[in-house]
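Coordinates as given in data_35.cif (mmCIF, C-alpha atoms):
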```
data_final
#
loop_
_atom_site.group_PDB
_atom_site.id
_atom_site.type_symbol
_atom_site.label_atom_id
_atom_site.label_comp_id
_atom_site.auth_asym_id
_atom_site.auth_seq_id
_atom_site.Cartn_x
_atom_site.Cartn_y
_atom_site.Cartn_z
ATOM 1 C CA MET A 10 -31.139 62.564 -288.524
ATOM 2 C CA GLU A 11 -30.156 59.269 -286.885
ATOM 3 C CA ASP A 12 -29.073 57.835 -290.252
ATOM 4 C CA ALA A 13 -26.991 60.945 -290.966
ATOM 5 C CA LEU A 14 -25.294 60.667 -287.584
ATOM 6 C CA ALA A 15 -24.573 56.961 -288.066
ATOM 7 C CA GLY A 16 -22.855 57.745 -291.359
ATOM 8 C CA LEU A 17 -20.533 60.185 -289.598
ATOM 9 C CA ARG A 18 -19.560 57.943 -286.667
ATOM 10 C CA THR A 19 -16.191 56.665 -287.918
ATOM 11 C CA GLU A 20 -14.808 59.979 -289.157
ATOM 12 C CA LEU A 21 -16.158 61.792 -286.102
ATOM 13 C CA THR A 22 -14.547 59.267 -283.741
ATOM 14 C CA GLY A 23 -11.266 59.848 -285.574
ATOM 15 C CA TYR A 24 -11.640 63.600 -285.141
ATOM 16 C CA CYS A 25 -12.383 63.280 -281.415
ATOM 17 C CA TYR A 26 -9.510 60.819 -280.979
ATOM 18 C CA ARG A 27 -7.024 63.246 -282.463
ATOM 19 C CA MET A 28 -8.451 66.008 -280.272
ATOM 20 C CA LEU A 29 -8.474 64.014 -277.014
ATOM 21 C CA GLY A 30 -5.712 61.417 -277.359
ATOM 22 C CA SER A 31 -7.779 58.500 -276.027
ATOM 23 C CA GLY A 32 -9.936 55.992 -277.866
ATOM 24 C CA SER A 33 -12.377 55.501 -274.997
ATOM 25 C CA ASP A 34 -12.662 59.268 -274.454
ATOM 26 C CA ALA A 35 -13.299 59.711 -278.181
ATOM 27 C CA GLU A 36 -16.148 57.188 -278.109
ATOM 28 C CA ASP A 37 -17.665 58.953 -275.111
ATOM 29 C CA ALA A 38 -17.348 62.311 -276.879
ATOM 30 C CA VAL A 39 -19.087 60.991 -280.000
ATOM 31 C CA GLN A 40 -21.897 59.529 -277.920
ATOM 32 C CA GLU A 41 -22.365 62.878 -276.157
ATOM 33 C CA THR A 42 -22.268 64.649 -279.535
ATOM 34 C CA PHE A 43 -25.006 62.430 -280.942
ATOM 35 C CA GLU A 44 -27.178 62.888 -277.872
ATOM 36 C CA ARG A 45 -26.839 66.678 -278.088
ATOM 37 C CA ALA A 46 -27.522 66.610 -281.839
ATOM 38 C CA LEU A 47 -30.701 64.536 -281.448
ATOM 39 C CA ARG A 48 -31.989 66.786 -278.679
ATOM 40 C CA ALA A 49 -31.380 69.863 -280.827
ATOM 41 C CA SER A 50 -32.344 68.395 -284.197
ATOM 42 C CA GLU A 51 -35.481 70.544 -284.494
ATOM 43 C CA ARG A 52 -33.308 73.657 -284.215
ATOM 44 C CA TYR A 53 -30.925 72.628 -287.009
ATOM 45 C CA ASP A 54 -30.820 75.360 -289.669
ATOM 46 C CA ALA A 55 -29.595 74.187 -293.078
ATOM 47 C CA ALA A 56 -28.972 77.798 -294.066
ATOM 48 C CA ARG A 57 -26.115 77.948 -291.559
ATOM 49 C CA GLY A 58 -24.293 74.908 -292.905
ATOM 50 C CA SER A 59 -24.535 71.200 -293.678
ATOM 51 C CA VAL A 60 -25.485 68.565 -291.127
ATOM 52 C CA ARG A 61 -21.842 67.454 -291.146
ATOM 53 C CA THR A 62 -20.588 70.935 -290.267
ATOM 54 C CA TRP A 63 -23.259 71.313 -287.583
ATOM 55 C CA VAL A 64 -22.390 67.980 -285.969
ATOM 56 C CA TYR A 65 -18.664 68.730 -286.075
ATOM 57 C CA ARG A 66 -19.377 72.034 -284.318
ATOM 58 C CA ILE A 67 -21.121 70.129 -281.521
ATOM 59 C CA ALA A 68 -18.263 67.605 -281.341
ATOM 60 C CA THR A 69 -15.710 70.399 -281.162
ATOM 61 C CA ASN A 70 -17.557 71.985 -278.261
ATOM 62 C CA VAL A 71 -17.746 68.616 -276.486
ATOM 63 C CA CYS A 72 -14.006 68.072 -276.919
ATOM 64 C CA VAL A 73 -13.134 71.602 -275.788
ATOM 65 C CA ASP A 74 -15.247 71.062 -272.676
ATOM 66 C CA LEU A 75 -13.420 67.804 -271.931
ATOM 67 C CA LEU A 76 -10.015 69.396 -272.495
ATOM 68 C CA ARG A 77 -10.705 72.368 -270.228
ATOM 69 C CA GLY A 78 -8.436 72.006 -267.197
ATOM 70 C CA ALA A 79 -7.066 68.622 -268.317
ATOM 71 C CA ALA A 80 -3.325 67.956 -268.311
ATOM 72 C CA ARG A 81 -1.626 67.479 -271.662
ATOM 73 C CA ARG A 82 -1.348 63.829 -272.647
ATOM 74 C CA ALA A 83 2.041 62.539 -273.807
ATOM 75 C CA LEU A 84 3.662 59.345 -275.058
ATOM 76 C CA PRO A 85 4.360 56.893 -272.222
ATOM 77 C CA ILE A 86 8.108 56.922 -272.937
ATOM 78 C CA ASP A 87 8.122 60.716 -272.580
ATOM 79 C CA LEU A 88 6.542 60.394 -269.127
ATOM 80 C CA THR A 89 9.391 58.254 -267.802
ATOM 81 C CA VAL A 90 13.022 58.755 -266.856
ATOM 82 C CA PRO A 91 14.603 55.660 -268.436
ATOM 83 C CA GLY A 92 16.293 53.538 -265.783
ATOM 84 C CA ARG A 93 18.357 50.379 -265.818
ATOM 85 C CA ALA A 94 17.368 46.759 -266.256
ATOM 86 C CA GLY A 95 16.338 45.178 -262.978
ATOM 87 C CA THR A 96 14.953 48.334 -261.390
ATOM 88 C CA PRO A 97 11.429 47.952 -259.940
ATOM 89 C CA PHE A 98 8.485 49.191 -261.968
ATOM 90 C CA GLY A 99 7.770 51.755 -259.227
ATOM 91 C CA GLU A 100 5.047 54.385 -259.460
ATOM 92 C CA LEU A 101 2.020 54.405 -261.716
ATOM 93 C CA LEU A 102 1.405 57.099 -264.305
ATOM 94 C CA PRO A 103 -1.226 59.649 -263.265
ATOM 95 C CA PRO A 104 -4.687 58.856 -264.685
ATOM 96 C CA GLY A 105 -5.125 60.387 -268.125
ATOM 97 C CA ALA A 106 -1.432 61.255 -268.491
ATOM 98 C CA GLU A 107 -0.676 59.193 -271.570
ATOM 99 C CA VAL A 108 -1.903 59.196 -275.154
ATOM 100 C CA ARG A 109 -3.744 55.893 -275.539
ATOM 101 C CA PRO A 110 -4.274 53.733 -278.639
ATOM 102 C CA VAL A 111 -7.453 53.147 -280.606
ATOM 103 C CA PRO A 112 -8.444 50.396 -283.071
ATOM 104 C CA ASP A 113 -8.022 51.525 -286.662
ATOM 105 C CA GLN A 114 -11.539 50.383 -287.578
ATOM 106 C CA LEU A 115 -13.084 52.831 -285.106
ATOM 107 C CA VAL A 116 -11.407 55.899 -286.609
ATOM 108 C CA LEU A 117 -10.497 55.105 -290.221
ATOM 109 C CA ASP A 118 -12.384 54.067 -293.337
ATOM 110 C CA LEU A 119 -10.557 50.804 -294.029
ATOM 111 C CA ALA A 120 -12.309 50.434 -297.413
ATOM 112 C CA GLN A 121 -10.570 53.452 -298.931
ATOM 113 C CA ASP A 122 -7.673 53.269 -301.390
ATOM 114 C CA PRO A 123 -4.657 51.587 -299.706
ATOM 115 C CA ALA A 124 -2.356 54.503 -300.520
ATOM 116 C CA ALA A 125 -4.793 56.982 -298.963
ATOM 117 C CA LEU A 126 -5.206 54.696 -295.960
ATOM 118 C CA VAL A 127 -1.469 54.783 -295.284
ATOM 119 C CA VAL A 128 -1.651 58.605 -295.137
ATOM 120 C CA GLN A 129 -4.644 58.478 -292.806
ATOM 121 C CA ARG A 130 -2.902 55.952 -290.546
ATOM 122 C CA GLU A 131 -0.099 58.454 -290.046
ATOM 123 C CA SER A 132 -2.651 60.932 -288.657
ATOM 124 C CA VAL A 133 -3.672 58.561 -285.836
ATOM 125 C CA ARG A 134 -0.176 57.319 -285.014
ATOM 126 C CA LEU A 135 0.490 57.797 -281.300
ATOM 127 C CA ALA A 136 3.433 60.120 -281.879
ATOM 128 C CA PHE A 137 1.398 62.413 -284.143
ATOM 129 C CA VAL A 138 -1.564 62.475 -281.751
ATOM 130 C CA ALA A 139 0.853 63.255 -278.899
ATOM 131 C CA ALA A 140 2.297 66.153 -280.909
ATOM 132 C CA LEU A 141 -1.223 67.506 -281.448
ATOM 133 C CA GLN A 142 -1.671 67.706 -277.681
ATOM 134 C CA HIS A 143 0.849 70.577 -277.590
ATOM 135 C CA LEU A 144 -1.668 72.777 -279.422
ATOM 136 C CA PRO A 145 -4.410 74.816 -277.757
ATOM 137 C CA ALA A 146 -7.784 73.204 -278.382
ATOM 138 C CA ARG A 147 -8.901 75.686 -281.050
ATOM 139 C CA GLN A 148 -5.631 75.438 -282.995
ATOM 140 C CA ARG A 149 -5.763 71.665 -282.659
ATOM 141 C CA SER A 150 -9.231 71.640 -284.164
ATOM 142 C CA VAL A 151 -8.217 73.890 -287.048
ATOM 143 C CA LEU A 152 -5.136 71.832 -287.921
ATOM 144 C CA ILE A 153 -7.055 68.533 -287.865
ATOM 145 C CA LEU A 154 -9.871 69.906 -289.993
ATOM 146 C CA ARG A 155 -7.625 71.653 -292.509
ATOM 147 C CA ASP A 156 -4.524 69.436 -292.786
ATOM 148 C CA VAL A 157 -5.886 65.996 -291.877
ATOM 149 C CA LEU A 158 -9.519 66.067 -293.020
ATOM 150 C CA CYS A 159 -8.828 68.623 -295.795
ATOM 151 C CA TRP A 160 -11.783 70.910 -295.094
ATOM 152 C CA PRO A 161 -11.797 74.262 -296.939
ATOM 153 C CA ALA A 162 -10.957 77.267 -294.769
ATOM 154 C CA ALA A 163 -14.414 78.741 -295.336
ATOM 155 C CA GLU A 164 -16.119 75.585 -294.043
ATOM 156 C CA VAL A 165 -13.884 75.508 -290.956
ATOM 157 C CA ALA A 166 -14.706 79.167 -290.386
ATOM 158 C CA THR A 167 -18.421 78.339 -290.527
ATOM 159 C CA LEU A 168 -17.943 75.494 -288.062
ATOM 160 C CA LEU A 169 -16.002 77.653 -285.598
ATOM 161 C CA GLU A 170 -18.173 80.714 -286.254
ATOM 162 C CA THR A 171 -15.205 82.864 -287.158
ATOM 163 C CA SER A 172 -13.547 84.278 -290.294
ATOM 164 C CA SER A 173 -11.437 82.479 -292.879
ATOM 165 C CA ALA A 174 -8.586 84.838 -292.008
ATOM 166 C CA SER A 175 -8.727 83.742 -288.355
ATOM 167 C CA VAL A 176 -8.698 80.096 -289.442
ATOM 168 C CA THR A 177 -5.645 80.692 -291.644
ATOM 169 C CA SER A 178 -3.837 82.482 -288.822
ATOM 170 C CA ALA A 179 -4.606 79.666 -286.343
ATOM 171 C CA LEU A 180 -3.428 77.080 -288.851
ATOM 172 C CA GLN A 181 -0.116 78.883 -289.380
ATOM 173 C CA ARG A 182 0.515 79.016 -285.624
ATOM 174 C CA ALA A 183 -0.412 75.345 -285.225
ATOM 175 C CA ARG A 184 1.928 74.281 -288.027
ATOM 176 C CA ALA A 185 4.760 76.302 -286.500
ATOM 177 C CA THR A 186 4.278 74.568 -283.153
ATOM 178 C CA LEU A 187 4.252 71.121 -284.758
ATOM 179 C CA ARG A 188 7.517 71.907 -286.541
ATOM 180 C CA THR A 189 9.000 72.643 -283.115
ATOM 181 C CA VAL A 190 7.655 69.646 -281.182
ATOM 182 C CA GLY A 191 7.857 67.295 -284.198
ATOM 183 C CA PRO A 192 6.304 63.828 -283.811
ATOM 184 C CA ARG A 193 8.752 61.045 -282.957
ATOM 185 C CA PRO A 194 9.688 59.113 -286.109
ATOM 186 C CA GLY A 195 7.933 55.863 -286.889
ATOM 187 C CA ASP A 196 6.419 53.990 -289.811
ATOM 188 C CA VAL A 197 2.705 53.341 -290.130
ATOM 189 C CA LEU A 198 1.359 49.833 -290.607
ATOM 190 C CA ASP A 199 1.552 49.043 -294.328
ATOM 191 C CA PRO A 200 0.563 45.472 -295.244
ATOM 192 C CA ALA A 201 1.947 46.058 -298.747
ATOM 193 C CA ASP A 202 5.468 46.684 -297.409
ATOM 194 C CA ALA A 203 7.336 43.376 -297.765
ATOM 195 C CA GLY A 204 10.238 44.542 -295.596
ATOM 196 C CA GLN A 205 7.867 45.487 -292.796
ATOM 197 C CA ARG A 206 6.085 42.127 -293.028
ATOM 198 C CA VAL A 207 9.385 40.266 -292.716
ATOM 199 C CA LEU A 208 10.510 42.372 -289.757
ATOM 200 C CA LEU A 209 7.235 41.850 -287.871
ATOM 201 C CA ALA A 210 7.273 38.105 -288.570
ATOM 202 C CA ARG A 211 10.824 37.857 -287.232
ATOM 203 C CA TYR A 212 9.890 39.918 -284.161
ATOM 204 C CA CYS A 213 6.911 37.700 -283.329
ATOM 205 C CA ALA A 214 8.877 34.483 -283.918
ATOM 206 C CA ALA A 215 11.693 35.651 -281.646
ATOM 207 C CA PHE A 216 9.255 36.821 -278.979
ATOM 208 C CA GLU A 217 7.201 33.628 -278.945
ATOM 209 C CA SER A 218 10.336 31.464 -278.742
ATOM 210 C CA HIS A 219 11.915 33.806 -276.175
ATOM 211 C CA ASP A 220 14.937 34.328 -278.418
ATOM 212 C CA VAL A 221 16.341 37.375 -276.619
ATOM 213 C CA ALA A 222 19.369 37.668 -278.896
ATOM 214 C CA GLY A 223 17.112 37.498 -281.932
ATOM 215 C CA LEU A 224 14.845 40.212 -280.529
ATOM 216 C CA VAL A 225 17.736 42.502 -279.619
ATOM 217 C CA ALA A 226 19.127 42.153 -283.132
ATOM 218 C CA LEU A 227 15.932 43.738 -284.460
ATOM 219 C CA LEU A 228 16.259 46.851 -282.266
ATOM 220 C CA HIS A 229 17.975 50.156 -282.914
ATOM 221 C CA GLU A 230 20.998 50.676 -280.696
ATOM 222 C CA ASP A 231 19.198 53.477 -278.807
ATOM 223 C CA ALA A 232 15.768 51.779 -278.822
ATOM 224 C CA THR A 233 13.397 52.575 -275.979
ATOM 225 C CA THR A 234 10.674 50.665 -274.191
ATOM 226 C CA SER A 235 7.940 51.540 -271.703
ATOM 227 C CA MET A 236 5.250 49.604 -269.868
ATOM 228 C CA PRO A 237 2.218 51.691 -268.949
ATOM 229 C CA PRO A 238 0.534 52.102 -266.535
ATOM 230 C CA PHE A 239 3.947 52.066 -264.803
ATOM 231 C CA ALA A 240 6.228 55.107 -265.001
ATOM 232 C CA TRP A 241 9.023 52.782 -266.066
ATOM 233 C CA GLY A 242 11.193 52.738 -269.137
ATOM 234 C CA LEU A 243 14.516 51.680 -270.598
ATOM 235 C CA ARG A 244 16.781 53.129 -273.272
ATOM 236 C CA GLY A 245 19.298 51.142 -275.292
ATOM 237 C CA ARG A 246 19.014 47.676 -276.746
ATOM 238 C CA ASP A 247 21.589 46.313 -274.287
ATOM 239 C CA GLN A 248 19.426 47.364 -271.327
ATOM 240 C CA ILE A 249 16.313 46.004 -273.034
ATOM 241 C CA GLY A 250 18.086 42.707 -273.670
ATOM 242 C CA LEU A 251 19.151 42.440 -270.043
ATOM 243 C CA ALA A 252 15.596 43.075 -268.860
ATOM 244 C CA MET A 253 14.116 40.525 -271.253
ATOM 245 C CA GLY A 254 16.698 37.902 -270.361
ATOM 246 C CA ALA A 255 16.413 38.314 -266.586
ATOM 247 C CA PRO A 256 15.268 35.273 -264.572
ATOM 248 C CA GLY A 257 11.514 35.207 -264.362
ATOM 249 C CA ALA A 258 11.108 37.671 -267.252
ATOM 250 C CA ALA A 259 10.428 35.010 -269.871
ATOM 251 C CA CYS A 260 6.935 35.029 -271.345
ATOM 252 C CA VAL A 261 7.077 31.330 -272.083
ATOM 253 C CA GLY A 262 4.154 30.107 -274.132
ATOM 254 C CA HIS A 263 2.819 33.594 -274.881
ATOM 255 C CA ARG A 264 1.397 34.288 -278.339
ATOM 256 C CA MET A 265 1.452 37.452 -280.432
ATOM 257 C CA VAL A 266 -1.854 38.159 -282.220
ATOM 258 C CA PRO A 267 -1.848 41.041 -284.772
ATOM 259 C CA VAL A 268 -4.273 43.927 -284.418
ATOM 260 C CA ALA A 269 -4.615 47.332 -286.095
ATOM 261 C CA ALA A 270 -4.005 49.999 -283.453
ATOM 262 C CA SER A 271 -3.451 53.718 -284.053
ATOM 263 C CA GLY A 272 -2.009 53.093 -287.501
ATOM 264 C CA GLN A 273 0.995 51.195 -286.126
ATOM 265 C CA PRO A 274 2.223 47.613 -286.022
ATOM 266 C CA ALA A 275 0.605 46.147 -282.913
ATOM 267 C CA PHE A 276 -0.107 42.807 -281.273
ATOM 268 C CA TRP A 277 -2.053 41.417 -278.396
ATOM 269 C CA GLN A 278 0.355 39.511 -276.188
ATOM 270 C CA MET A 279 -1.721 36.549 -275.021
ATOM 271 C CA ARG A 280 -0.698 34.437 -272.009
ATOM 272 C CA PRO A 281 -1.697 30.804 -271.461
ATOM 273 C CA ASP A 282 -4.865 30.541 -269.371
ATOM 274 C CA GLY A 283 -6.202 27.062 -268.782
ATOM 275 C CA ASP A 284 -7.051 25.534 -272.140
ATOM 276 C CA GLY A 285 -6.847 28.870 -273.943
ATOM 277 C CA PHE A 286 -5.237 32.300 -273.805
ATOM 278 C CA ALA A 287 -6.037 35.554 -272.009
ATOM 279 C CA PRO A 288 -4.933 39.111 -272.875
ATOM 280 C CA PHE A 289 -1.746 40.136 -271.071
ATOM 281 C CA ALA A 290 -0.776 43.336 -272.916
ATOM 282 C CA LEU A 291 -1.183 45.345 -276.107
ATOM 283 C CA VAL A 292 2.279 45.671 -277.662
ATOM 284 C CA MET A 293 2.863 48.540 -280.090
ATOM 285 C CA LEU A 294 6.000 49.046 -282.155
ATOM 286 C CA ASP A 295 7.615 52.103 -283.716
ATOM 287 C CA ILE A 296 9.682 51.055 -286.728
ATOM 288 C CA VAL A 297 12.335 53.317 -288.228
ATOM 289 C CA ASP A 298 14.600 52.341 -291.133
ATOM 290 C CA GLY A 299 13.845 48.645 -290.840
ATOM 291 C CA ARG A 300 14.416 48.274 -287.098
ATOM 292 C CA VAL A 301 12.310 48.669 -283.970
ATOM 293 C CA ALA A 302 12.922 52.066 -282.376
ATOM 294 C CA ASN A 303 10.395 51.866 -279.538
ATOM 295 C CA THR A 304 8.136 49.320 -277.887
ATOM 296 C CA THR A 305 5.143 50.243 -275.744
ATOM 297 C CA THR A 306 3.594 47.410 -273.755
ATOM 298 C CA TRP A 307 0.150 48.400 -272.444
ATOM 299 C CA LEU A 308 -0.393 46.011 -269.553
ATOM 300 C CA GLU A 309 -3.896 44.781 -268.844
ATOM 301 C CA GLY A 310 -4.805 45.031 -265.167
ATOM 302 C CA GLU A 311 -6.128 47.433 -262.588
ATOM 303 C CA TRP A 312 -6.680 50.391 -264.924
ATOM 304 C CA PRO A 313 -8.965 51.145 -267.875
ATOM 305 C CA SER A 314 -8.763 48.036 -270.053
ATOM 306 C CA LEU A 315 -7.952 48.305 -273.744
ATOM 307 C CA TRP A 316 -9.175 44.797 -274.509
ATOM 308 C CA PRO A 317 -12.876 45.706 -274.960
ATOM 309 C CA LEU A 318 -11.939 48.161 -277.723
ATOM 310 C CA PHE A 319 -10.085 45.582 -279.813
ATOM 311 C CA THR A 320 -10.973 42.450 -281.690
ATOM 312 C CA PRO A 321 -7.766 40.569 -282.585
ATOM 313 C CA GLU A 322 -7.552 39.066 -286.033
ATOM 314 C CA THR A 323 -7.850 35.283 -286.031
#
```

Please express the file's structure as structure tokens.
Amino acid sequence: MEDALAGLRTELTGYCYRMLGSGSDAEDAVQETFERALRASERYDAARGSVRTWVYRIATNVCVDLLRGAARRALPIDLTVPGRAGTPFGELLPPGAEVRPVPDQLVLDLAQDPAALVVQRESVRLAFVAALQHLPARQRSVLILRDVLCWPAAEVATLLETSSASVTSALQRARATLRTVGPRPGDVLDPADAGQRVLLARYCAAFESHDVAGLVALLHEDATTSMPPFAWGLRGRDQIGLAMGAPGAACVGHRMVPVAASGQPAFWQMRPDGDGFAPFALVMLDIVDGRVANTTTWLEGEWPSLWPLFTPET
């Protein structure tokens, strides 16, 4: 049983991440799922479904329990009222308010075909995961299992102990809701995309040299930025440029180290620290039509750290 569970860890973490909207919460949910499965292993009945279906049923119940009474998570930029450059950071976001990133290697099979991996990256992109949070837990589960993981309706019905007709009905309602709330646009990380590689290289070069004009030139006119855990944001590349060029705002000597986070272009912003560098923030970009449409800078500090989840490429 332990070997079977170990083989399911990555895909199950991805499932729980899409359900819960937090990488650390997803890891906790998977750990609780495995503990429940091991305690109940003697009661597993192969006649009622495969080990995979049985474990997913436990994981679904764990996620539903965690979601009960919890507020809906949203993108950090959607939790702010964009202000003007120079305004104080102000209040902190409520705990658990925002959809949080996860390392790709925890939730995706990185050895799969590159074309299939691009599709899977889209399903863990922050904007898509945030859109999923609009769905009731049961509909959320059905949509992930059917449209993302491509389970047959009959297998989902077995997992949820309901009928295929009920699964189909829940899926139709979930799809209708997603068409209404629609994920914010953004391209997934695609190492094979030469245009994306050039854009990201230019962004990092401009950032590390503190070339504000060069950075602004890479932004959409109505680009947005946010800086969780603060309920602070800006809209418009002019405002972003003013904020970045303000006295004392320069991140002189900082480095940008690429990581794979929630299927999006992302970097650890590393600040000088003695003879080396220390994590300052996880920077995630939304790219649309060859320009940066949104930047989310997840500051490290007095809140749940993202650093332990990630191992930057060197």

Atom CA of A:Ala139 and atom CA of A:Glu100, how far apart in Å?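 Computed distance, atom CA of A:Glu100 to atom CA of A:Ala139, equals 21.8 Å.
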
For this file, the PyMOL selection byres ((chain A and resi 229-239) around 6) selects which residues, as JSON, numbers by chain? {"A": [86, 100, 101, 102, 228, 240, 241, 242, 243, 244, 245, 246, 300, 301, 302, 303, 304, 305, 306, 307]}

Using atom CA of A:Leu251 and atom CA of A:Thr96 as the two end points, give the distance in Å to one decimal. 11.3 Å

When the PyMOL selection byres ((chain A and resi 23) around 8) is applied to the structure above, which residues does it catch, written out as a CSV table (one decimal) with C-alpha atoms, keeping the file's coordinate frame?
```csv
chain,number,residue,atom,x,y,z
A,19,THR,CA,-16.2,56.7,-287.9
A,20,GLU,CA,-14.8,60.0,-289.2
A,21,LEU,CA,-16.2,61.8,-286.1
A,22,THR,CA,-14.5,59.3,-283.7
A,24,TYR,CA,-11.6,63.6,-285.1
A,25,CYS,CA,-12.4,63.3,-281.4
A,26,TYR,CA,-9.5,60.8,-281.0
A,27,ARG,CA,-7.0,63.2,-282.5
A,35,ALA,CA,-13.3,59.7,-278.2
A,115,LEU,CA,-13.1,52.8,-285.1
A,116,VAL,CA,-11.4,55.9,-286.6
A,117,LEU,CA,-10.5,55.1,-290.2
A,133,VAL,CA,-3.7,58.6,-285.8
```

For atom CA of A:Ala290 and atom CA of A:Trp277, determine how far apart the two atoms are, in Å to one decimal place. 5.9 Å

Name the residues in contact with stretch 144-149 of chain A at a cut-off of 8 Å, using only C-alpha atoms, excluding same-chain residues fewer than 5 positions from it; report them as number ranges by chain. A: 28, 73, 76, 179-180, 182-183, 186

Hey, which of A:Glu11, A:Asp247, A:Asp282, A:Asp118 ends up closest to A:Arg130? Count all atoms listed in the file.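 Once distances to A:Arg130 are computed over all atoms listed in the file, the minimum belongs to A:Asp118.
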
Evaluate the PyMOL selection byres ((chain A and resi 213) around 9) on the structure here and hand back the selected residues as a VMD selection string. chain A and resid 208 to 212 214 to 218 224 264 to 266 276

Using all atoms listed in the file for the distances, tell me which of A:Pro97, A:Pro104, A:Gly204, A:Gly32 is nearest to A:Phe319.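 Looking at the shortest contact to A:Phe319, the residue is A:Gly32.
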